[in-house]
$ cat protein07.pdb   # PDB, N, CA and C atoms
ATOM      1  N   MET A   1       4.421   8.212  -0.726  1.00  0.00           N
ATOM      2  CA  MET A   1       5.380   8.830   0.161  1.00  0.00           C
ATOM      3  C   MET A   1       6.572   9.299  -0.684  1.00  0.00           C
ATOM      4  N   PRO A   2       7.041  10.513  -0.453  1.00  0.00           N
ATOM      5  CA  PRO A   2       8.213  11.002  -1.176  1.00  0.00           C
ATOM      6  C   PRO A   2       9.438  10.146  -0.865  1.00  0.00           C
ATOM      7  N   ASP A   3      10.334  10.084  -1.807  1.00  0.00           N
ATOM      8  CA  ASP A   3      11.557   9.305  -1.659  1.00  0.00           C
ATOM      9  C   ASP A   3      12.745  10.257  -1.785  1.00  0.00           C
ATOM     10  N   MET A   4      13.832   9.941  -1.085  1.00  0.00           N
ATOM     11  CA  MET A   4      15.009  10.792  -1.104  1.00  0.00           C
ATOM     12  C   MET A   4      16.225   9.927  -1.431  1.00  0.00           C
ATOM     13  N   SER A   5      17.146  10.487  -2.167  1.00  0.00           N
ATOM     14  CA  SER A   5      18.376   9.798  -2.507  1.00  0.00           C
ATOM     15  C   SER A   5      19.540  10.663  -2.051  1.00  0.00           C
ATOM     16  N   ILE A   6      20.518  10.031  -1.411  1.00  0.00           N
ATOM     17  CA  ILE A   6      21.696  10.760  -0.944  1.00  0.00           C
ATOM     18  C   ILE A   6      22.932  10.104  -1.545  1.00  0.00           C
ATOM     19  N   SER A   7      23.726  10.896  -2.197  1.00  0.00           N
ATOM     20  CA  SER A   7      24.994  10.394  -2.736  1.00  0.00           C
ATOM     21  C   SER A   7      26.047  10.453  -1.643  1.00  0.00           C
ATOM     22  N   TYR A   8      26.883   9.446  -1.602  1.00  0.00           N
ATOM     23  CA  TYR A   8      27.997   9.469  -0.660  1.00  0.00           C
ATOM     24  C   TYR A   8      29.216   8.878  -1.354  1.00  0.00           C
ATOM     25  N   PRO A   9      30.400   9.317  -0.948  1.00  0.00           N
ATOM     26  CA  PRO A   9      31.613   8.850  -1.616  1.00  0.00           C
ATOM     27  C   PRO A   9      31.920   7.387  -1.266  1.00  0.00           C
ATOM     28  N   ASP A  10      32.578   6.712  -2.172  1.00  0.00           N
ATOM     29  CA  ASP A  10      32.994   5.332  -1.924  1.00  0.00           C
ATOM     30  C   ASP A  10      33.867   5.242  -0.675  1.00  0.00           C
ATOM     31  N   SER A  11      34.617   6.303  -0.401  1.00  0.00           N
ATOM     32  CA  SER A  11      35.497   6.288   0.771  1.00  0.00           C
ATOM     33  C   SER A  11      34.702   6.127   2.070  1.00  0.00           C
ATOM     34  N   LEU A  12      33.489   6.673   2.125  1.00  0.00           N
ATOM     35  CA  LEU A  12      32.658   6.499   3.320  1.00  0.00           C
ATOM     36  C   LEU A  12      32.273   5.033   3.473  1.00  0.00           C
ATOM     37  N   LEU A  13      31.950   4.405   2.392  1.00  0.00           N
ATOM     38  CA  LEU A  13      31.610   2.992   2.409  1.00  0.00           C
ATOM     39  C   LEU A  13      32.817   2.163   2.853  1.00  0.00           C
ATOM     40  N   ILE A  14      33.983   2.494   2.340  1.00  0.00           N
ATOM     41  CA  ILE A  14      35.196   1.750   2.677  1.00  0.00           C
ATOM     42  C   ILE A  14      35.567   1.941   4.147  1.00  0.00           C
ATOM     43  N   THR A  15      35.564   3.188   4.619  1.00  0.00           N
ATOM     44  CA  THR A  15      35.953   3.447   6.013  1.00  0.00           C
ATOM     45  C   THR A  15      34.939   2.902   7.006  1.00  0.00           C
ATOM     46  N   SER A  16      33.674   2.810   6.599  1.00  0.00           N
ATOM     47  CA  SER A  16      32.662   2.272   7.512  1.00  0.00           C
ATOM     48  C   SER A  16      32.813   0.765   7.675  1.00  0.00           C
ATOM     49  N   GLY A  17      33.351   0.107   6.650  1.00  0.00           N
ATOM     50  CA  GLY A  17      33.481  -1.343   6.699  1.00  0.00           C
ATOM     51  C   GLY A  17      32.147  -2.063   6.610  1.00  0.00           C
ATOM     52  N   LYS A  18      31.125  -1.349   6.158  1.00  0.00           N
ATOM     53  CA  LYS A  18      29.781  -1.903   6.090  1.00  0.00           C
ATOM     54  C   LYS A  18      29.387  -2.154   4.646  1.00  0.00           C
ATOM     55  N   SER A  19      28.376  -2.981   4.497  1.00  0.00           N
ATOM     56  CA  SER A  19      27.802  -3.158   3.166  1.00  0.00           C
ATOM     57  C   SER A  19      27.018  -1.892   2.822  1.00  0.00           C
ATOM     58  N   PRO A  20      26.752  -1.647   1.553  1.00  0.00           N
ATOM     59  CA  PRO A  20      25.951  -0.463   1.195  1.00  0.00           C
ATOM     60  C   PRO A  20      24.601  -0.443   1.914  1.00  0.00           C
ATOM     61  N   GLN A  21      23.957  -1.586   2.055  1.00  0.00           N
ATOM     62  CA  GLN A  21      22.647  -1.636   2.725  1.00  0.00           C
ATOM     63  C   GLN A  21      22.777  -1.287   4.209  1.00  0.00           C
ATOM     64  N   ASP A  22      23.810  -1.826   4.873  1.00  0.00           N
ATOM     65  CA  ASP A  22      24.003  -1.528   6.294  1.00  0.00           C
ATOM     66  C   ASP A  22      24.362  -0.066   6.522  1.00  0.00           C
ATOM     67  N   LEU A  23      25.204   0.480   5.667  1.00  0.00           N
ATOM     68  CA  LEU A  23      25.572   1.893   5.789  1.00  0.00           C
ATOM     69  C   LEU A  23      24.350   2.781   5.583  1.00  0.00           C
ATOM     70  N   GLU A  24      23.545   2.474   4.589  1.00  0.00           N
ATOM     71  CA  GLU A  24      22.351   3.279   4.327  1.00  0.00           C
ATOM     72  C   GLU A  24      21.353   3.169   5.476  1.00  0.00           C
ATOM     73  N   ALA A  25      21.210   1.986   6.067  1.00  0.00           N
ATOM     74  CA  ALA A  25      20.328   1.827   7.231  1.00  0.00           C
ATOM     75  C   ALA A  25      20.837   2.661   8.403  1.00  0.00           C
ATOM     76  N   GLU A  26      22.161   2.684   8.586  1.00  0.00           N
ATOM     77  CA  GLU A  26      22.741   3.488   9.662  1.00  0.00           C
ATOM     78  C   GLU A  26      22.517   4.975   9.421  1.00  0.00           C
ATOM     79  N   LEU A  27      22.671   5.420   8.194  1.00  0.00           N
ATOM     80  CA  LEU A  27      22.451   6.833   7.875  1.00  0.00           C
ATOM     81  C   LEU A  27      21.001   7.236   8.113  1.00  0.00           C
ATOM     82  N   VAL A  28      20.069   6.374   7.750  1.00  0.00           N
ATOM     83  CA  VAL A  28      18.643   6.648   7.993  1.00  0.00           C
ATOM     84  C   VAL A  28      18.391   6.700   9.499  1.00  0.00           C
ATOM     85  N   PHE A  29      18.978   5.766  10.243  1.00  0.00           N
ATOM     86  CA  PHE A  29      18.827   5.761  11.702  1.00  0.00           C
ATOM     87  C   PHE A  29      19.365   7.054  12.306  1.00  0.00           C
ATOM     88  N   LEU A  30      20.563   7.474  11.886  1.00  0.00           N
ATOM     89  CA  LEU A  30      21.161   8.696  12.434  1.00  0.00           C
ATOM     90  C   LEU A  30      20.333   9.930  12.100  1.00  0.00           C
ATOM     91  N   LEU A  31      19.724   9.946  10.928  1.00  0.00           N
ATOM     92  CA  LEU A  31      18.825  11.047  10.578  1.00  0.00           C
ATOM     93  C   LEU A  31      17.598  11.033  11.495  1.00  0.00           C
ATOM     94  N   ALA A  32      17.044   9.860  11.741  1.00  0.00           N
ATOM     95  CA  ALA A  32      15.889   9.746  12.642  1.00  0.00           C
ATOM     96  C   ALA A  32      16.253  10.226  14.040  1.00  0.00           C
ATOM     97  N   VAL A  33      17.434   9.857  14.527  1.00  0.00           N
ATOM     98  CA  VAL A  33      17.890  10.280  15.853  1.00  0.00           C
ATOM     99  C   VAL A  33      17.976  11.797  15.918  1.00  0.00           C
ATOM    100  N   LYS A  34      18.592  12.394  14.915  1.00  0.00           N
ATOM    101  CA  LYS A  34      18.745  13.855  14.930  1.00  0.00           C
ATOM    102  C   LYS A  34      17.398  14.560  14.862  1.00  0.00           C
ATOM    103  N   LEU A  35      16.503  14.070  14.026  1.00  0.00           N
ATOM    104  CA  LEU A  35      15.167  14.671  13.938  1.00  0.00           C
ATOM    105  C   LEU A  35      14.415  14.515  15.253  1.00  0.00           C
ATOM    106  N   TYR A  36      14.627  13.407  15.951  1.00  0.00           N
ATOM    107  CA  TYR A  36      14.025  13.214  17.273  1.00  0.00           C
ATOM    108  C   TYR A  36      14.619  14.210  18.273  1.00  0.00           C
ATOM    109  N   GLU A  37      15.943  14.348  18.266  1.00  0.00           N
ATOM    110  CA  GLU A  37      16.600  15.295  19.173  1.00  0.00           C
ATOM    111  C   GLU A  37      16.112  16.723  18.942  1.00  0.00           C
ATOM    112  N   LEU A  38      15.864  17.066  17.691  1.00  0.00           N
ATOM    113  CA  LEU A  38      15.389  18.414  17.347  1.00  0.00           C
ATOM    114  C   LEU A  38      13.882  18.574  17.534  1.00  0.00           C
ATOM    115  N   ARG A  39      13.233  17.508  17.982  1.00  0.00           N
ATOM    116  CA  ARG A  39      11.781  17.484  18.219  1.00  0.00           C
ATOM    117  C   ARG A  39      10.974  17.675  16.936  1.00  0.00           C
ATOM    118  N   ARG A  40      11.549  17.252  15.836  1.00  0.00           N
ATOM    119  CA  ARG A  40      10.817  17.293  14.567  1.00  0.00           C
ATOM    120  C   ARG A  40      10.029  16.012  14.365  1.00  0.00           C
ATOM    121  N   LEU A  41      10.458  14.939  15.060  1.00  0.00           N
ATOM    122  CA  LEU A  41       9.739  13.665  15.030  1.00  0.00           C
ATOM    123  C   LEU A  41       9.531  13.191  16.460  1.00  0.00           C
ATOM    124  N   SER A  42       8.372  12.614  16.714  1.00  0.00           N
ATOM    125  CA  SER A  42       8.128  11.987  18.010  1.00  0.00           C
ATOM    126  C   SER A  42       8.943  10.698  18.086  1.00  0.00           C
ATOM    127  N   LEU A  43       8.997  10.110  19.249  1.00  0.00           N
ATOM    128  CA  LEU A  43       9.712   8.851  19.418  1.00  0.00           C
ATOM    129  C   LEU A  43       9.165   7.784  18.473  1.00  0.00           C
ATOM    130  N   GLY A  44       7.848   7.656  18.446  1.00  0.00           N
ATOM    131  CA  GLY A  44       7.222   6.654  17.589  1.00  0.00           C
ATOM    132  C   GLY A  44       7.470   6.899  16.111  1.00  0.00           C
ATOM    133  N   LYS A  45       7.370   8.146  15.683  1.00  0.00           N
ATOM    134  CA  LYS A  45       7.583   8.482  14.271  1.00  0.00           C
ATOM    135  C   LYS A  45       9.058   8.300  13.880  1.00  0.00           C
ATOM    136  N   ALA A  46       9.968   8.627  14.800  1.00  0.00           N
ATOM    137  CA  ALA A  46      11.390   8.435  14.521  1.00  0.00           C
ATOM    138  C   ALA A  46      11.706   6.947  14.381  1.00  0.00           C
ATOM    139  N   ALA A  47      11.132   6.130  15.258  1.00  0.00           N
ATOM    140  CA  ALA A  47      11.328   4.679  15.167  1.00  0.00           C
ATOM    141  C   ALA A  47      10.776   4.154  13.853  1.00  0.00           C
ATOM    142  N   GLU A  48       9.592   4.605  13.508  1.00  0.00           N
ATOM    143  CA  GLU A  48       8.962   4.182  12.251  1.00  0.00           C
ATOM    144  C   GLU A  48       9.810   4.609  11.049  1.00  0.00           C
ATOM    145  N   PHE A  49      10.354   5.795  11.106  1.00  0.00           N
ATOM    146  CA  PHE A  49      11.168   6.339  10.013  1.00  0.00           C
ATOM    147  C   PHE A  49      12.354   5.432   9.688  1.00  0.00           C
ATOM    148  N   CYS A  50      12.965   4.869  10.732  1.00  0.00           N
ATOM    149  CA  CYS A  50      14.143   4.013  10.500  1.00  0.00           C
ATOM    150  C   CYS A  50      13.801   2.524  10.606  1.00  0.00           C
ATOM    151  N   HIS A  51      12.532   2.209  10.458  1.00  0.00           N
ATOM    152  CA  HIS A  51      12.060   0.820  10.390  1.00  0.00           C
ATOM    153  C   HIS A  51      12.387   0.023  11.648  1.00  0.00           C
ATOM    154  N   MET A  52      12.188   0.648  12.796  1.00  0.00           N
ATOM    155  CA  MET A  52      12.366  -0.021  14.087  1.00  0.00           C
ATOM    156  C   MET A  52      11.061   0.099  14.860  1.00  0.00           C
ATOM    157  N   ASN A  53      10.900  -0.759  15.860  1.00  0.00           N
ATOM    158  CA  ASN A  53       9.787  -0.525  16.783  1.00  0.00           C
ATOM    159  C   ASN A  53      10.293   0.419  17.877  1.00  0.00           C
ATOM    160  N   LYS A  54       9.383   0.942  18.684  1.00  0.00           N
ATOM    161  CA  LYS A  54       9.765   1.934  19.697  1.00  0.00           C
ATOM    162  C   LYS A  54      10.806   1.397  20.671  1.00  0.00           C
ATOM    163  N   ILE A  55      10.637   0.144  21.099  1.00  0.00           N
ATOM    164  CA  ILE A  55      11.571  -0.426  22.077  1.00  0.00           C
ATOM    165  C   ILE A  55      12.986  -0.503  21.496  1.00  0.00           C
ATOM    166  N   GLN A  56      13.109  -0.963  20.261  1.00  0.00           N
ATOM    167  CA  GLN A  56      14.427  -1.022  19.612  1.00  0.00           C
ATOM    168  C   GLN A  56      15.044   0.368  19.528  1.00  0.00           C
ATOM    169  N   PHE A  57      14.230   1.341  19.106  1.00  0.00           N
ATOM    170  CA  PHE A  57      14.727   2.705  18.945  1.00  0.00           C
ATOM    171  C   PHE A  57      15.163   3.270  20.295  1.00  0.00           C
ATOM    172  N   MET A  58      14.365   3.054  21.334  1.00  0.00           N
ATOM    173  CA  MET A  58      14.716   3.530  22.668  1.00  0.00           C
ATOM    174  C   MET A  58      16.021   2.882  23.148  1.00  0.00           C
ATOM    175  N   PHE A  59      16.178   1.586  22.893  1.00  0.00           N
ATOM    176  CA  PHE A  59      17.397   0.889  23.276  1.00  0.00           C
ATOM    177  C   PHE A  59      18.609   1.513  22.583  1.00  0.00           C
ATOM    178  N   GLU A  60      18.486   1.769  21.285  1.00  0.00           N
ATOM    179  CA  GLU A  60      19.595   2.358  20.534  1.00  0.00           C
ATOM    180  C   GLU A  60      19.903   3.777  21.000  1.00  0.00           C
ATOM    181  N   LEU A  61      18.870   4.545  21.352  1.00  0.00           N
ATOM    182  CA  LEU A  61      19.109   5.880  21.912  1.00  0.00           C
ATOM    183  C   LEU A  61      19.907   5.773  23.205  1.00  0.00           C
ATOM    184  N   GLY A  62      19.507   4.850  24.056  1.00  0.00           N
ATOM    185  CA  GLY A  62      20.209   4.648  25.323  1.00  0.00           C
ATOM    186  C   GLY A  62      21.652   4.224  25.105  1.00  0.00           C
ATOM    187  N   ARG A  63      21.862   3.339  24.138  1.00  0.00           N
ATOM    188  CA  ARG A  63      23.206   2.873  23.814  1.00  0.00           C
ATOM    189  C   ARG A  63      24.094   4.035  23.374  1.00  0.00           C
ATOM    190  N   MET A  64      23.468   5.021  22.720  1.00  0.00           N
ATOM    191  CA  MET A  64      24.207   6.207  22.249  1.00  0.00           C
ATOM    192  C   MET A  64      24.227   7.326  23.296  1.00  0.00           C
ATOM    193  N   LYS A  65      23.656   7.032  24.484  1.00  0.00           N
ATOM    194  CA  LYS A  65      23.575   7.998  25.590  1.00  0.00           C
ATOM    195  C   LYS A  65      22.778   9.251  25.212  1.00  0.00           C
ATOM    196  N   ILE A  66      21.708   9.021  24.449  1.00  0.00           N
ATOM    197  CA  ILE A  66      20.793  10.094  24.071  1.00  0.00           C
ATOM    198  C   ILE A  66      19.530   9.934  24.914  1.00  0.00           C
ATOM    199  N   PRO A  67      19.113  10.971  25.634  1.00  0.00           N
ATOM    200  CA  PRO A  67      17.931  10.843  26.491  1.00  0.00           C
ATOM    201  C   PRO A  67      16.692  10.407  25.703  1.00  0.00           C
ATOM    202  N   VAL A  68      15.994   9.442  26.270  1.00  0.00           N
ATOM    203  CA  VAL A  68      14.765   8.955  25.652  1.00  0.00           C
ATOM    204  C   VAL A  68      13.623   9.915  25.954  1.00  0.00           C
ATOM    205  N   ILE A  69      13.623  10.461  27.161  1.00  0.00           N
ATOM    206  CA  ILE A  69      12.604  11.445  27.529  1.00  0.00           C
ATOM    207  C   ILE A  69      13.130  12.803  27.105  1.00  0.00           C
ATOM    208  N   ASN A  70      12.362  13.470  26.262  1.00  0.00           N
ATOM    209  CA  ASN A  70      12.818  14.689  25.618  1.00  0.00           C
ATOM    210  C   ASN A  70      11.850  15.823  25.967  1.00  0.00           C
ATOM    211  N   LEU A  71      11.899  16.267  27.231  1.00  0.00           N
ATOM    212  CA  LEU A  71      10.968  17.292  27.691  1.00  0.00           C
ATOM    213  C   LEU A  71      11.635  18.665  27.662  1.00  0.00           C
ATOM    214  N   ASP A  72      10.837  19.686  27.341  1.00  0.00           N
ATOM    215  CA  ASP A  72      11.380  21.037  27.423  1.00  0.00           C
ATOM    216  C   ASP A  72      11.210  21.548  28.858  1.00  0.00           C
ATOM    217  N   ASP A  73      11.738  22.727  29.152  1.00  0.00           N
ATOM    218  CA  ASP A  73      11.732  23.259  30.519  1.00  0.00           C
ATOM    219  C   ASP A  73      10.327  23.382  31.092  1.00  0.00           C
ATOM    220  N   ASP A  74       9.365  23.840  30.305  1.00  0.00           N
ATOM    221  CA  ASP A  74       7.992  23.988  30.789  1.00  0.00           C
ATOM    222  C   ASP A  74       7.380  22.634  31.136  1.00  0.00           C
ATOM    223  N   GLN A  75       7.645  21.622  30.318  1.00  0.00           N
ATOM    224  CA  GLN A  75       7.114  20.290  30.593  1.00  0.00           C
ATOM    225  C   GLN A  75       7.729  19.703  31.859  1.00  0.00           C
ATOM    226  N   ILE A  76       9.016  19.957  32.079  1.00  0.00           N
ATOM    227  CA  ILE A  76       9.665  19.472  33.304  1.00  0.00           C
ATOM    228  C   ILE A  76       9.057  20.163  34.518  1.00  0.00           C
ATOM    229  N   ALA A  77       8.856  21.474  34.425  1.00  0.00           N
ATOM    230  CA  ALA A  77       8.249  22.223  35.530  1.00  0.00           C
ATOM    231  C   ALA A  77       6.855  21.702  35.835  1.00  0.00           C
ATOM    232  N   ASP A  78       6.071  21.398  34.815  1.00  0.00           N
ATOM    233  CA  ASP A  78       4.730  20.843  35.009  1.00  0.00           C
ATOM    234  C   ASP A  78       4.796  19.495  35.718  1.00  0.00           C
ATOM    235  N   GLU A  79       5.773  18.677  35.356  1.00  0.00           N
ATOM    236  CA  GLU A  79       5.917  17.350  35.981  1.00  0.00           C
ATOM    237  C   GLU A  79       6.310  17.468  37.455  1.00  0.00           C
ATOM    238  N   LEU A  80       7.106  18.485  37.783  1.00  0.00           N
ATOM    239  CA  LEU A  80       7.597  18.646  39.149  1.00  0.00           C
ATOM    240  C   LEU A  80       6.638  19.412  40.048  1.00  0.00           C
ATOM    241  N   ARG A  81       5.677  20.107  39.463  1.00  0.00           N
ATOM    242  CA  ARG A  81       4.730  20.916  40.224  1.00  0.00           C
ATOM    243  C   ARG A  81       3.809  20.003  41.036  1.00  0.00           C
ATOM    244  N   ASP A  82       3.600  20.358  42.308  1.00  0.00           N
ATOM    245  CA  ASP A  82       2.643  19.620  43.149  1.00  0.00           C
ATOM    246  C   ASP A  82       1.228  20.016  42.768  1.00  0.00           C
ATOM    247  N   ASP A  83       0.384  19.025  42.666  1.00  0.00           N
ATOM    248  CA  ASP A  83      -1.022  19.293  42.353  1.00  0.00           C
ATOM    249  C   ASP A  83      -1.866  19.353  43.595  1.00  0.00           C
TER     250      ASP A  83
END
$ encode --input "protein07.pdb" --output "structure tokens"
Amino acid sequence: MPDMSISYPDSLLITSGKSPQDLEAELVFLLAVKLYELRRLSLGKAAEFCHMNKIQFMFELGRMKIPVINLDDDQIADELRDD
């Protein structure tokens, strides 16, 4: 699996008040959230990306007031259509 490294200033570490490991875990989580919002990752893949299970990831999305169900307009119309 490819690996990525991101440099960040010491000031970010200081202002976050977190350890380097906690800050890096948060940054990975926020990247997973954004990729999920952009529909580049499914819920399961986004959770896996940030080393969480789906339930944990869904809970954190809810805590951040980010919709867990991420349907586009056509999918919503299909769900609302009477069969």
$ atom_distance --input "protein07.pdb" --atom1 "atom N of Met52 in chain A" --atom2 "atom C of Val33 in chain A"
12.9 Å
$ atom_distance --input "protein07.pdb" --atom1 "CA of Cys50 in chain A" --atom2 "atom C of Val28 in chain A"
5.1 Å
$ closest_residue --input "protein07.pdb" --among "A:Asp10, A:Asp72, A:Asp78, A:Asp3" --to "Glu37 in chain A" --atoms "only C-alpha atoms"
A:Asp72
$ residues_around --input "protein07.pdb" --residues "Val68 in chain A" --least-positions-apart "6" --cutoff "9 Å" --atoms "only C-alpha atoms" --output "PyMOL selection string"
chain A and resi 43+58-59+61-62
$ write_last_selection --input "protein07.pdb" --atoms "N, CA and C atoms" --output "compact mmCIF listing (two decimals), in the coordinates of the input"
# COMPACT_ATOMS: atom_id res chain seq x y z
N LEU A 43 9.00 10.11 19.25
CA LEU A 43 9.71 8.85 19.42
C LEU A 43 9.16 7.78 18.47
N MET A 58 14.36 3.05 21.33
CA MET A 58 14.72 3.53 22.67
C MET A 58 16.02 2.88 23.15
N PHE A 59 16.18 1.59 22.89
CA PHE A 59 17.40 0.89 23.28
C PHE A 59 18.61 1.51 22.58
N LEU A 61 18.87 4.54 21.35
CA LEU A 61 19.11 5.88 21.91
C LEU A 61 19.91 5.77 23.20
N GLY A 62 19.51 4.85 24.06
CA GLY A 62 20.21 4.65 25.32
C GLY A 62 21.65 4.22 25.10
$ residues_around --input "protein07.pdb" --residues "Phe57 in chain A" --least-positions-apart "5" --cutoff "12 Å" --atoms "only C-alpha atoms" --output "JSON, numbers by chain"
{"A": [29, 30, 32, 33, 36, 42, 43, 44, 45, 46, 47, 48, 49, 50, 51, 52, 62, 63, 64, 66, 67, 68]}
$ atom_distance --input "protein07.pdb" --atom1 "CA of Ser5 in chain A" --atom2 "CA of Glu24 in chain A"
10.2 Å
$ closest_residue --input "protein07.pdb" --among "A:Leu80, A:Asn53, A:Ile69, A:Asp74" --to "Arg39 in chain A" --atoms "only C-alpha atoms"
A:Ile69
$ select_by_dssp --input "protein07.pdb" --residues "chain A" --states "alpha helix (DSSP H)" --output "PyMOL selection string"
chain A and resi 10-16+20-37+43-49+54-63+73-80
$ axis_aligned_box --input "protein07.pdb" --around "range 47-66 of chain A" --padding-each-side "5 Å" --output "JSON"
{"center_x": 16.6, "center_y": 4.5, "center_z": 17.6, "size_x": 25.3, "size_y": 21.1, "size_z": 25.9}
$ decode --input "protein07.pdb" --residues "range 4-23 of chain A" --atoms "N, CA and C atoms" --output "PDB file, in the first residue's frame"
ATOM      1  N   MET A   4       1.929   7.981   2.607  1.00  0.00           N
ATOM      2  CA  MET A   4       1.973   9.415   2.374  1.00  0.00           C
ATOM      3  C   MET A   4       2.502  10.093   3.636  1.00  0.00           C
ATOM      4  N   SER A   5       3.261  11.138   3.450  1.00  0.00           N
ATOM      5  CA  SER A   5       3.787  11.907   4.561  1.00  0.00           C
ATOM      6  C   SER A   5       3.358  13.354   4.375  1.00  0.00           C
ATOM      7  N   ILE A   6       2.884  13.963   5.456  1.00  0.00           N
ATOM      8  CA  ILE A   6       2.459  15.361   5.398  1.00  0.00           C
ATOM      9  C   ILE A   6       3.240  16.141   6.447  1.00  0.00           C
ATOM     10  N   SER A   7       3.881  17.182   6.011  1.00  0.00           N
ATOM     11  CA  SER A   7       4.587  18.062   6.946  1.00  0.00           C
ATOM     12  C   SER A   7       3.601  19.069   7.511  1.00  0.00           C
ATOM     13  N   TYR A   8       3.744  19.359   8.779  1.00  0.00           N
ATOM     14  CA  TYR A   8       2.916  20.398   9.382  1.00  0.00           C
ATOM     15  C   TYR A   8       3.781  21.189  10.353  1.00  0.00           C
ATOM     16  N   PRO A   9       3.447  22.457  10.546  1.00  0.00           N
ATOM     17  CA  PRO A   9       4.273  23.300  11.409  1.00  0.00           C
ATOM     18  C   PRO A   9       4.107  22.924  12.888  1.00  0.00           C
ATOM     19  N   ASP A  10       5.137  23.168  13.656  1.00  0.00           N
ATOM     20  CA  ASP A  10       5.074  22.923  15.096  1.00  0.00           C
ATOM     21  C   ASP A  10       3.931  23.708  15.733  1.00  0.00           C
ATOM     22  N   SER A  11       3.622  24.868  15.165  1.00  0.00           N
ATOM     23  CA  SER A  11       2.547  25.690  15.729  1.00  0.00           C
ATOM     24  C   SER A  11       1.202  24.959  15.693  1.00  0.00           C
ATOM     25  N   LEU A  12       0.975  24.129  14.678  1.00  0.00           N
ATOM     26  CA  LEU A  12      -0.270  23.357  14.624  1.00  0.00           C
ATOM     27  C   LEU A  12      -0.307  22.355  15.771  1.00  0.00           C
ATOM     28  N   LEU A  13       0.797  21.741  16.037  1.00  0.00           N
ATOM     29  CA  LEU A  13       0.893  20.798  17.140  1.00  0.00           C
ATOM     30  C   LEU A  13       0.656  21.514  18.470  1.00  0.00           C
ATOM     31  N   ILE A  14       1.241  22.683  18.627  1.00  0.00           N
ATOM     32  CA  ILE A  14       1.101  23.439  19.870  1.00  0.00           C
ATOM     33  C   ILE A  14      -0.339  23.913  20.065  1.00  0.00           C
ATOM     34  N   THR A  15      -0.935  24.494  19.024  1.00  0.00           N
ATOM     35  CA  THR A  15      -2.305  25.012  19.156  1.00  0.00           C
ATOM     36  C   THR A  15      -3.329  23.901  19.323  1.00  0.00           C
ATOM     37  N   SER A  16      -3.038  22.717  18.787  1.00  0.00           N
ATOM     38  CA  SER A  16      -3.983  21.607  18.936  1.00  0.00           C
ATOM     39  C   SER A  16      -3.974  21.065  20.359  1.00  0.00           C
ATOM     40  N   GLY A  17      -2.840  21.206  21.043  1.00  0.00           N
ATOM     41  CA  GLY A  17      -2.726  20.666  22.390  1.00  0.00           C
ATOM     42  C   GLY A  17      -2.692  19.149  22.423  1.00  0.00           C
ATOM     43  N   LYS A  18      -2.416  18.545  21.275  1.00  0.00           N
ATOM     44  CA  LYS A  18      -2.421  17.094  21.159  1.00  0.00           C
ATOM     45  C   LYS A  18      -1.002  16.573  21.010  1.00  0.00           C
ATOM     46  N   SER A  19      -0.866  15.292  21.272  1.00  0.00           N
ATOM     47  CA  SER A  19       0.414  14.649  20.993  1.00  0.00           C
ATOM     48  C   SER A  19       0.549  14.511  19.477  1.00  0.00           C
ATOM     49  N   PRO A  20       1.754  14.336  18.970  1.00  0.00           N
ATOM     50  CA  PRO A  20       1.909  14.145  17.517  1.00  0.00           C
ATOM     51  C   PRO A  20       1.066  12.980  16.995  1.00  0.00           C
ATOM     52  N   GLN A  21       0.983  11.895  17.741  1.00  0.00           N
ATOM     53  CA  GLN A  21       0.199  10.731  17.292  1.00  0.00           C
ATOM     54  C   GLN A  21      -1.294  11.063  17.243  1.00  0.00           C
ATOM     55  N   ASP A  22      -1.797  11.764  18.269  1.00  0.00           N
ATOM     56  CA  ASP A  22      -3.215  12.127  18.284  1.00  0.00           C
ATOM     57  C   ASP A  22      -3.557  13.118  17.181  1.00  0.00           C
ATOM     58  N   LEU A  23      -2.687  14.082  16.956  1.00  0.00           N
ATOM     59  CA  LEU A  23      -2.919  15.055  15.885  1.00  0.00           C
ATOM     60  C   LEU A  23      -2.923  14.361  14.527  1.00  0.00           C
TER      61      LEU A  23
END
